[in-house]
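Structure, as structure tokens:
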Amino acid sequence: DTLPLDPGARLMVLADTHGEYEIVVEFLRRQGVIDANLRWAFGDGQMAVTGDIFDRGAHQLEILWLFYKLEAEAQAAGGALHVLLGNHDTMNLRGDLRYLHPRYPQTAGILGATSYTDLFTPESVLGDWLRSRPAVLKLGDLLLLHGGISPQVLDEKLTVADLNAGVLRALETPVARKDELDPVAALVTGSFGPLWFRGYFPDQARPDRPYMP
């Protein structure tokens, strides 16, 4: 959750890939992060993906497997790929599939799963891997996350480790049972948590305006 970053290190930050596999691949190729064969080409550079791989587009699984592969290749080359959880990623892992592309419920049905979420249990490769990802990462002097740090989080004096532990606990509680969450897990996965908070923008900071994806 807290890692060093050399001041001269190359760093690429990417977010909200939302199933757009071809766009992601083309972007990473043009930036020299991967080569024509989809292999890590960034050497000892580092890349951070600050969430929202799931939902909307039709090719999120391809992106997940690409990042899963690149993580190992980056480490072998002396670099690093940091994949963080965003609000849409945690929604899918907790059974909230409102924004899921129709391809995926169909896929789950073909595989005999009751829900798409069932394909990402801790016993699955991707499910286990995603649960090892942080929601907040302190990389050198940078704080990386999908949303923002709210006054409510600061008031509770929650550390980076506290935030990530709370998100991990919430992943084991479906959204249908969100009332069972402990106070910290409820805070960090709610509107004022690091996955959702948008209060930096005045038009979204009003109390009467809910934070929605």
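Labels for the structure tokens follow display order: chains A, B, ..., residues from 1 in each chain, ligands from 1.
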When DSSP is applied to the backbone of this structure, which of stretch 52-206 of chain A are assigned strand (DSSP E)? Write them out as number ranges by chain.
A: 80-83, 136-139, 142-145
Neighbouring residues of A:Pro174 were defined as those with any atom within 9 Å, considering only C-alpha atoms; residues of the same chain fewer than 6 positions away were excluded. Please report them as a ChimeraX atom specification.
/A:91,93-96
Those selected residues, please, written with N, CA, C and O atoms and delivered as a short mmCIF file (atom, residue, chain, number, x, y, z; two decimals), in the first residue's frame.
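Result file again.cif:
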```cif
data_model
loop_
_atom_site.label_atom_id
_atom_site.label_comp_id
_atom_site.auth_asym_id
_atom_site.auth_seq_id
_atom_site.Cartn_x
_atom_site.Cartn_y
_atom_site.Cartn_z
N MET A 91 -18.08 -2.77 -7.31
CA MET A 91 -19.51 -3.03 -7.54
C MET A 91 -19.71 -4.43 -8.10
O MET A 91 -20.56 -5.19 -7.64
N LEU A 93 -17.65 -7.02 -7.96
CA LEU A 93 -17.24 -8.05 -7.01
C LEU A 93 -18.26 -8.22 -5.88
O LEU A 93 -18.30 -9.27 -5.24
N ARG A 94 -19.09 -7.19 -5.68
CA ARG A 94 -20.10 -7.25 -4.61
C ARG A 94 -21.51 -7.51 -5.15
O ARG A 94 -22.48 -7.44 -4.41
N GLY A 95 -21.63 -7.77 -6.45
CA GLY A 95 -22.92 -8.17 -7.00
C GLY A 95 -23.77 -7.06 -7.57
O GLY A 95 -24.93 -7.29 -7.91
N ASP A 96 -23.23 -5.85 -7.69
CA ASP A 96 -23.97 -4.73 -8.29
C ASP A 96 -23.58 -4.66 -9.76
O ASP A 96 -22.51 -4.17 -10.11
#
```
Mind checking which residues fall within 8 Å of stretch 133-149 of chain A, counting only C-alpha atoms, ignoring those fewer than 6 positions away in the same chain, and posting them as a ChimeraX atom specification?
/A:1-6,15,50-52,83-87,160,163-164,167,192-200
Take the residues from that selection and write them out as an mmCIF file, in the first residue's frame, keeping N, CA, C and O atoms.
```
data_model
loop_
_atom_site.group_PDB
_atom_site.id
_atom_site.type_symbol
_atom_site.label_atom_id
_atom_site.label_comp_id
_atom_site.auth_asym_id
_atom_site.auth_seq_id
_atom_site.Cartn_x
_atom_site.Cartn_y
_atom_site.Cartn_z
ATOM 1 N N ASP A 1 0.814 -1.210 0.000
ATOM 2 C CA ASP A 1 0.000 0.000 0.000
ATOM 3 C C ASP A 1 0.850 1.265 0.000
ATOM 4 O O ASP A 1 0.362 2.345 -0.296
ATOM 5 N N THR A 2 2.124 1.151 0.395
ATOM 6 C CA THR A 2 3.056 2.270 0.386
ATOM 7 C C THR A 2 4.362 1.772 -0.217
ATOM 8 O O THR A 2 5.004 0.884 0.340
ATOM 9 N N LEU A 3 4.735 2.343 -1.351
ATOM 10 C CA LEU A 3 5.907 1.877 -2.079
ATOM 11 C C LEU A 3 6.785 3.062 -2.480
ATOM 12 O O LEU A 3 6.277 4.162 -2.702
ATOM 13 N N PRO A 4 8.096 2.844 -2.591
ATOM 14 C CA PRO A 4 8.984 3.938 -3.006
ATOM 15 C C PRO A 4 8.873 4.190 -4.504
ATOM 16 O O PRO A 4 8.458 3.317 -5.277
ATOM 17 N N LEU A 5 9.240 5.383 -4.912
ATOM 18 C CA LEU A 5 9.295 5.740 -6.332
ATOM 19 C C LEU A 5 10.481 6.665 -6.529
ATOM 20 O O LEU A 5 10.535 7.758 -5.961
ATOM 21 N N ASP A 6 11.433 6.225 -7.333
ATOM 22 C CA ASP A 6 12.594 7.049 -7.642
ATOM 23 C C ASP A 6 12.144 8.333 -8.338
ATOM 24 O O ASP A 6 11.306 8.282 -9.245
ATOM 25 N N ALA A 15 -6.625 5.170 -16.218
ATOM 26 C CA ALA A 15 -7.838 4.842 -15.461
ATOM 27 C C ALA A 15 -9.012 4.677 -16.402
ATOM 28 O O ALA A 15 -8.951 5.059 -17.581
ATOM 29 N N THR A 50 -5.661 3.159 -12.114
ATOM 30 C CA THR A 50 -6.401 3.560 -10.919
ATOM 31 C C THR A 50 -7.891 3.218 -11.005
ATOM 32 O O THR A 50 -8.757 4.029 -10.669
ATOM 33 N N GLY A 51 -8.170 2.007 -11.447
ATOM 34 C CA GLY A 51 -9.518 1.471 -11.320
ATOM 35 C C GLY A 51 -10.447 1.607 -12.502
ATOM 36 O O GLY A 51 -10.143 2.238 -13.502
ATOM 37 N N ASP A 52 -11.588 0.961 -12.346
ATOM 38 C CA ASP A 52 -12.678 0.915 -13.321
ATOM 39 C C ASP A 52 -12.282 0.218 -14.620
ATOM 40 O O ASP A 52 -12.369 0.771 -15.719
ATOM 41 N N VAL A 83 -2.199 -2.235 -10.242
ATOM 42 C CA VAL A 83 -3.617 -2.196 -10.577
ATOM 43 C C VAL A 83 -4.399 -1.917 -9.307
ATOM 44 O O VAL A 83 -4.309 -2.679 -8.335
ATOM 45 N N LEU A 84 -5.167 -0.835 -9.303
ATOM 46 C CA LEU A 84 -5.972 -0.449 -8.146
ATOM 47 C C LEU A 84 -7.440 -0.711 -8.439
ATOM 48 O O LEU A 84 -7.863 -0.762 -9.595
ATOM 49 N N LEU A 85 -8.227 -0.846 -7.382
ATOM 50 C CA LEU A 85 -9.662 -1.045 -7.519
ATOM 51 C C LEU A 85 -10.378 0.301 -7.598
ATOM 52 O O LEU A 85 -10.071 1.226 -6.848
ATOM 53 N N GLY A 86 -11.355 0.381 -8.505
ATOM 54 C CA GLY A 86 -12.228 1.535 -8.582
ATOM 55 C C GLY A 86 -13.629 1.172 -8.145
ATOM 56 O O GLY A 86 -13.913 0.026 -7.787
ATOM 57 N N ASN A 87 -14.537 2.134 -8.193
ATOM 58 C CA ASN A 87 -15.898 1.862 -7.737
ATOM 59 C C ASN A 87 -16.596 0.797 -8.571
ATOM 60 O O ASN A 87 -17.303 -0.058 -8.040
ATOM 61 N N VAL A 160 -3.725 4.782 4.881
ATOM 62 C CA VAL A 160 -3.854 4.054 3.618
ATOM 63 C C VAL A 160 -4.181 2.590 3.890
ATOM 64 O O VAL A 160 -5.045 1.998 3.233
ATOM 65 N N LEU A 163 -7.839 2.211 4.890
ATOM 66 C CA LEU A 163 -8.739 2.339 3.746
ATOM 67 C C LEU A 163 -8.788 1.041 2.946
ATOM 68 O O LEU A 163 -9.863 0.547 2.590
ATOM 69 N N ASN A 164 -7.620 0.487 2.673
ATOM 70 C CA ASN A 164 -7.585 -0.735 1.870
ATOM 71 C C ASN A 164 -8.173 -1.931 2.622
ATOM 72 O O ASN A 164 -8.862 -2.762 2.026
ATOM 73 N N VAL A 167 -11.988 -1.628 2.396
ATOM 74 C CA VAL A 167 -12.504 -2.040 1.084
ATOM 75 C C VAL A 167 -12.479 -3.555 0.965
ATOM 76 O O VAL A 167 -13.434 -4.169 0.477
ATOM 77 N N PHE A 192 -18.440 8.998 0.414
ATOM 78 C CA PHE A 192 -17.320 9.783 0.907
ATOM 79 C C PHE A 192 -16.039 8.961 1.010
ATOM 80 O O PHE A 192 -15.056 9.416 1.594
ATOM 81 N N GLY A 193 -16.051 7.777 0.444
ATOM 82 C CA GLY A 193 -14.868 6.930 0.449
ATOM 83 C C GLY A 193 -13.977 7.190 -0.756
ATOM 84 O O GLY A 193 -14.350 7.905 -1.690
ATOM 85 N N PRO A 194 -12.782 6.605 -0.771
ATOM 86 C CA PRO A 194 -11.803 6.878 -1.834
ATOM 87 C C PRO A 194 -12.197 6.357 -3.207
ATOM 88 O O PRO A 194 -11.613 6.767 -4.210
ATOM 89 N N LEU A 195 -13.185 5.460 -3.276
ATOM 90 C CA LEU A 195 -13.626 4.943 -4.565
ATOM 91 C C LEU A 195 -14.607 5.888 -5.259
ATOM 92 O O LEU A 195 -14.728 5.868 -6.489
ATOM 93 N N TRP A 196 -15.315 6.700 -4.464
ATOM 94 C CA TRP A 196 -16.448 7.468 -4.987
ATOM 95 C C TRP A 196 -16.322 8.972 -4.848
ATOM 96 O O TRP A 196 -16.951 9.707 -5.603
ATOM 97 N N PHE A 197 -15.587 9.473 -3.888
ATOM 98 C CA PHE A 197 -15.665 10.885 -3.520
ATOM 99 C C PHE A 197 -15.323 11.807 -4.694
ATOM 100 O O PHE A 197 -14.295 11.670 -5.336
ATOM 101 N N ARG A 198 -16.234 12.757 -4.952
ATOM 102 C CA ARG A 198 -16.052 13.717 -6.040
ATOM 103 C C ARG A 198 -16.204 15.151 -5.545
ATOM 104 O O ARG A 198 -16.489 16.056 -6.316
ATOM 105 N N GLY A 199 -16.012 15.346 -4.269
ATOM 106 C CA GLY A 199 -16.241 16.651 -3.676
ATOM 107 C C GLY A 199 -15.225 17.713 -4.043
ATOM 108 O O GLY A 199 -15.370 18.864 -3.621
ATOM 109 N N TYR A 200 -14.194 17.364 -4.809
ATOM 110 C CA TYR A 200 -13.252 18.380 -5.274
ATOM 111 C C TYR A 200 -13.902 19.312 -6.293
ATOM 112 O O TYR A 200 -13.377 20.387 -6.578
#
```
Can you tell me, as a CSV table (one decimal) with all heavy atoms, in the first residue's frame, what residues are no more than 8 Å from A:Pro122 when counting only C-alpha atoms, ignoring any on the same chain fewer than 4 positions away?
```csv
chain,number,residue,atom,x,y,z
A,127,GLY,N,-10.4,-13.5,-9.4
A,127,GLY,CA,-11.0,-13.0,-8.1
A,127,GLY,C,-10.0,-12.9,-7.0
A,127,GLY,O,-10.1,-11.9,-6.2
A,128,ASP,N,-9.1,-13.9,-6.9
A,128,ASP,CA,-8.1,-13.8,-5.9
A,128,ASP,C,-7.1,-12.7,-6.1
A,128,ASP,O,-6.8,-11.9,-5.2
A,128,ASP,CB,-7.4,-15.2,-5.9
A,128,ASP,CG,-6.3,-15.2,-4.8
A,128,ASP,OD1,-6.6,-15.1,-3.6
A,128,ASP,OD2,-5.1,-15.3,-5.2
A,131,ARG,N,-8.7,-9.2,-5.3
A,131,ARG,CA,-8.7,-9.0,-3.9
A,131,ARG,C,-7.4,-8.7,-3.3
A,131,ARG,O,-7.3,-8.2,-2.1
A,131,ARG,CB,-9.4,-10.2,-3.2
A,131,ARG,CG,-10.9,-10.3,-3.4
A,131,ARG,CD,-11.5,-11.6,-2.9
A,131,ARG,NE,-12.9,-11.6,-3.0
A,131,ARG,CZ,-13.6,-11.8,-4.1
A,131,ARG,NH1,-13.0,-12.0,-5.3
A,131,ARG,NH2,-14.9,-11.7,-4.1
```
Using only C-alpha atoms, determine which residues lie at most 9 Å from stretch 30-40 of chain A, disregarding the query and same-chain residues fewer than 4 positions distant; provide the list as an MDAnalysis selection string.
chainID A and resid 12 25:26 45 47 66 69:71 73:74 77
Could you write out that same residue set with N, CA and C atoms as a PDB file, in the first residue's frame?
```pdb
ATOM      1  N   MET A  12       3.544   5.904 -15.849  1.00  0.00           N
ATOM      2  CA  MET A  12       2.335   6.050 -16.659  1.00  0.00           C
ATOM      3  C   MET A  12       1.141   5.770 -15.760  1.00  0.00           C
ATOM      4  N   VAL A  25      -4.978  -1.191 -25.733  1.00  0.00           N
ATOM      5  CA  VAL A  25      -3.804  -1.766 -26.389  1.00  0.00           C
ATOM      6  C   VAL A  25      -3.120  -0.737 -27.289  1.00  0.00           C
ATOM      7  N   GLU A  26      -3.887  -0.020 -28.082  1.00  0.00           N
ATOM      8  CA  GLU A  26      -3.303   0.978 -28.980  1.00  0.00           C
ATOM      9  C   GLU A  26      -2.610   2.082 -28.184  1.00  0.00           C
ATOM     10  N   GLY A  45      10.327   1.129 -15.913  1.00  0.00           N
ATOM     11  CA  GLY A  45       9.272   2.097 -15.670  1.00  0.00           C
ATOM     12  C   GLY A  45       8.109   1.489 -14.900  1.00  0.00           C
ATOM     13  N   MET A  47       3.735   1.619 -14.173  1.00  0.00           N
ATOM     14  CA  MET A  47       2.422   2.044 -14.619  1.00  0.00           C
ATOM     15  C   MET A  47       1.412   1.767 -13.521  1.00  0.00           C
ATOM     16  N   LEU A  66      -4.801  -9.109 -19.622  1.00  0.00           N
ATOM     17  CA  LEU A  66      -3.622  -8.390 -20.108  1.00  0.00           C
ATOM     18  C   LEU A  66      -2.848  -7.786 -18.940  1.00  0.00           C
ATOM     19  N   LYS A  69      -1.080 -10.428 -16.848  1.00  0.00           N
ATOM     20  CA  LYS A  69       0.152 -10.883 -17.491  1.00  0.00           C
ATOM     21  C   LYS A  69       1.259  -9.834 -17.401  1.00  0.00           C
ATOM     22  N   LEU A  70       0.905  -8.583 -17.678  1.00  0.00           N
ATOM     23  CA  LEU A  70       1.902  -7.518 -17.689  1.00  0.00           C
ATOM     24  C   LEU A  70       2.492  -7.267 -16.305  1.00  0.00           C
ATOM     25  N   GLU A  71       1.702  -7.506 -15.264  1.00  0.00           N
ATOM     26  CA  GLU A  71       2.217  -7.314 -13.911  1.00  0.00           C
ATOM     27  C   GLU A  71       3.460  -8.178 -13.685  1.00  0.00           C
ATOM     28  N   GLU A  73       5.388  -9.575 -16.043  1.00  0.00           N
ATOM     29  CA  GLU A  73       6.449  -9.189 -16.975  1.00  0.00           C
ATOM     30  C   GLU A  73       7.159  -7.923 -16.512  1.00  0.00           C
ATOM     31  N   ALA A  74       6.392  -6.964 -15.984  1.00  0.00           N
ATOM     32  CA  ALA A  74       6.989  -5.729 -15.481  1.00  0.00           C
ATOM     33  C   ALA A  74       7.940  -6.018 -14.326  1.00  0.00           C
ATOM     34  N   ALA A  77      11.187  -7.386 -15.413  1.00  0.00           N
ATOM     35  CA  ALA A  77      12.029  -6.406 -16.097  1.00  0.00           C
ATOM     36  C   ALA A  77      12.551  -5.321 -15.156  1.00  0.00           C
TER      37      ALA A  77
END
```
Here is a test: counting only C-alpha atoms, which residue of A:Phe54, A:Phe201, A:Tyr21, A:Tyr116 is nearest to A:Tyr99?
A:Phe54
In stretch 1-207 of chain A, what's alpha helix (DSSP H) per DSSP? Answer as a PyMOL selection string?
chain A and resi 21-30+60-76+87-93+103-110+125-131+151-155+160-171+183-188
Store the residues of this selection in a file with C-alpha atoms, as a PDB file, in the first residue's frame.
```pdb
ATOM      1  CA  TYR A  21      -9.610  -3.348 -25.003  1.00  0.00           C
ATOM      2  CA  GLU A  22      -8.565  -2.147 -28.456  1.00  0.00           C
ATOM      3  CA  ILE A  23      -8.217   1.445 -27.263  1.00  0.00           C
ATOM      4  CA  VAL A  24      -6.148   0.342 -24.261  1.00  0.00           C
ATOM      5  CA  VAL A  25      -3.804  -1.766 -26.389  1.00  0.00           C
ATOM      6  CA  GLU A  26      -3.303   0.978 -28.980  1.00  0.00           C
ATOM      7  CA  PHE A  27      -2.652   3.564 -26.279  1.00  0.00           C
ATOM      8  CA  LEU A  28      -0.100   1.390 -24.475  1.00  0.00           C
ATOM      9  CA  ARG A  29       1.665   0.575 -27.732  1.00  0.00           C
ATOM     10  CA  ARG A  30       1.914   4.239 -28.710  1.00  0.00           C
ATOM     11  CA  GLN A  60     -13.132  -6.125 -19.780  1.00  0.00           C
ATOM     12  CA  LEU A  61     -11.943  -9.697 -19.321  1.00  0.00           C
ATOM     13  CA  GLU A  62      -9.347  -9.223 -22.055  1.00  0.00           C
ATOM     14  CA  ILE A  63      -8.050  -6.142 -20.216  1.00  0.00           C
ATOM     15  CA  LEU A  64      -7.956  -7.939 -16.883  1.00  0.00           C
ATOM     16  CA  TRP A  65      -5.931 -10.824 -18.296  1.00  0.00           C
ATOM     17  CA  LEU A  66      -3.622  -8.390 -20.108  1.00  0.00           C
ATOM     18  CA  PHE A  67      -2.871  -6.508 -16.898  1.00  0.00           C
ATOM     19  CA  TYR A  68      -2.501  -9.769 -14.985  1.00  0.00           C
ATOM     20  CA  LYS A  69       0.152 -10.883 -17.491  1.00  0.00           C
ATOM     21  CA  LEU A  70       1.902  -7.518 -17.689  1.00  0.00           C
ATOM     22  CA  GLU A  71       2.217  -7.314 -13.911  1.00  0.00           C
ATOM     23  CA  ALA A  72       4.522 -10.345 -13.895  1.00  0.00           C
ATOM     24  CA  GLU A  73       6.449  -9.189 -16.975  1.00  0.00           C
ATOM     25  CA  ALA A  74       6.989  -5.729 -15.481  1.00  0.00           C
ATOM     26  CA  GLN A  75       8.341  -7.208 -12.265  1.00  0.00           C
ATOM     27  CA  ALA A  76      10.725  -9.455 -14.211  1.00  0.00           C
ATOM     28  CA  ASN A  87     -15.898   1.862  -7.737  1.00  0.00           C
ATOM     29  CA  HIS A  88     -17.071  -0.197 -10.722  1.00  0.00           C
ATOM     30  CA  ASP A  89     -14.633  -2.992  -9.919  1.00  0.00           C
ATOM     31  CA  THR A  90     -15.881  -3.282  -6.356  1.00  0.00           C
ATOM     32  CA  MET A  91     -19.506  -3.033  -7.542  1.00  0.00           C
ATOM     33  CA  ASN A  92     -19.068  -6.108  -9.717  1.00  0.00           C
ATOM     34  CA  LEU A  93     -17.240  -8.047  -7.010  1.00  0.00           C
ATOM     35  CA  ARG A 103     -22.245 -10.003 -22.995  1.00  0.00           C
ATOM     36  CA  TYR A 104     -21.173 -10.926 -19.486  1.00  0.00           C
ATOM     37  CA  PRO A 105     -24.427 -12.098 -17.895  1.00  0.00           C
ATOM     38  CA  GLN A 106     -24.854 -14.264 -21.000  1.00  0.00           C
ATOM     39  CA  THR A 107     -21.347 -15.657 -20.515  1.00  0.00           C
ATOM     40  CA  ALA A 108     -22.073 -16.411 -16.857  1.00  0.00           C
ATOM     41  CA  GLY A 109     -25.252 -18.248 -17.844  1.00  0.00           C
ATOM     42  CA  ILE A 110     -23.412 -20.363 -20.406  1.00  0.00           C
ATOM     43  CA  VAL A 125      -7.569 -16.718 -10.415  1.00  0.00           C
ATOM     44  CA  LEU A 126      -8.849 -13.234 -11.229  1.00  0.00           C
ATOM     45  CA  GLY A 127     -11.039 -13.049  -8.137  1.00  0.00           C
ATOM     46  CA  ASP A 128      -8.103 -13.840  -5.874  1.00  0.00           C
ATOM     47  CA  TRP A 129      -5.840 -11.425  -7.760  1.00  0.00           C
ATOM     48  CA  LEU A 130      -8.341  -8.559  -7.621  1.00  0.00           C
ATOM     49  CA  ARG A 131      -8.747  -8.994  -3.864  1.00  0.00           C
ATOM     50  CA  PRO A 151     -13.053  15.418   4.871  1.00  0.00           C
ATOM     51  CA  GLN A 152     -14.979  12.534   6.461  1.00  0.00           C
ATOM     52  CA  VAL A 153     -12.068  10.149   5.858  1.00  0.00           C
ATOM     53  CA  LEU A 154      -9.608  12.702   7.232  1.00  0.00           C
ATOM     54  CA  ASP A 155     -11.765  13.235  10.314  1.00  0.00           C
ATOM     55  CA  VAL A 160      -3.854   4.054   3.618  1.00  0.00           C
ATOM     56  CA  ALA A 161      -3.777   0.608   5.212  1.00  0.00           C
ATOM     57  CA  ASP A 162      -7.075   1.299   7.007  1.00  0.00           C
ATOM     58  CA  LEU A 163      -8.739   2.339   3.746  1.00  0.00           C
ATOM     59  CA  ASN A 164      -7.585  -0.735   1.870  1.00  0.00           C
ATOM     60  CA  ALA A 165      -8.519  -3.088   4.712  1.00  0.00           C
ATOM     61  CA  GLY A 166     -11.995  -1.568   4.812  1.00  0.00           C
ATOM     62  CA  VAL A 167     -12.504  -2.040   1.084  1.00  0.00           C
ATOM     63  CA  LEU A 168     -11.299  -5.639   1.321  1.00  0.00           C
ATOM     64  CA  ARG A 169     -13.771  -6.374   4.111  1.00  0.00           C
ATOM     65  CA  ALA A 170     -16.573  -4.834   2.065  1.00  0.00           C
ATOM     66  CA  LEU A 171     -15.799  -7.134  -0.868  1.00  0.00           C
ATOM     67  CA  PRO A 183     -18.548   1.574  10.092  1.00  0.00           C
ATOM     68  CA  VAL A 184     -15.136   1.892   8.425  1.00  0.00           C
ATOM     69  CA  ALA A 185     -16.021  -0.459   5.563  1.00  0.00           C
ATOM     70  CA  ALA A 186     -19.289   1.416   5.061  1.00  0.00           C
ATOM     71  CA  LEU A 187     -17.491   4.766   4.973  1.00  0.00           C
ATOM     72  CA  VAL A 188     -14.715   3.757   2.576  1.00  0.00           C
TER      73      VAL A 188
END
```
Computed interatomic separation between atom CA of A:Ala113 and atom CA of A:Thr17 (Å):
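Atom CA of A:Ala113 sits 25.2 Å away from atom CA of A:Thr17.
The coordinates place atom CA of A:Leu97 at 22.8 Å from atom CA of A:Asp182.
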Atomic distance atom CA of A:Ala9 - atom CA of A:Ala48, expressed in Å with one decimal
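Separating atom CA of A:Ala9 from atom CA of A:Ala48 is a distance of 12.7 Å.
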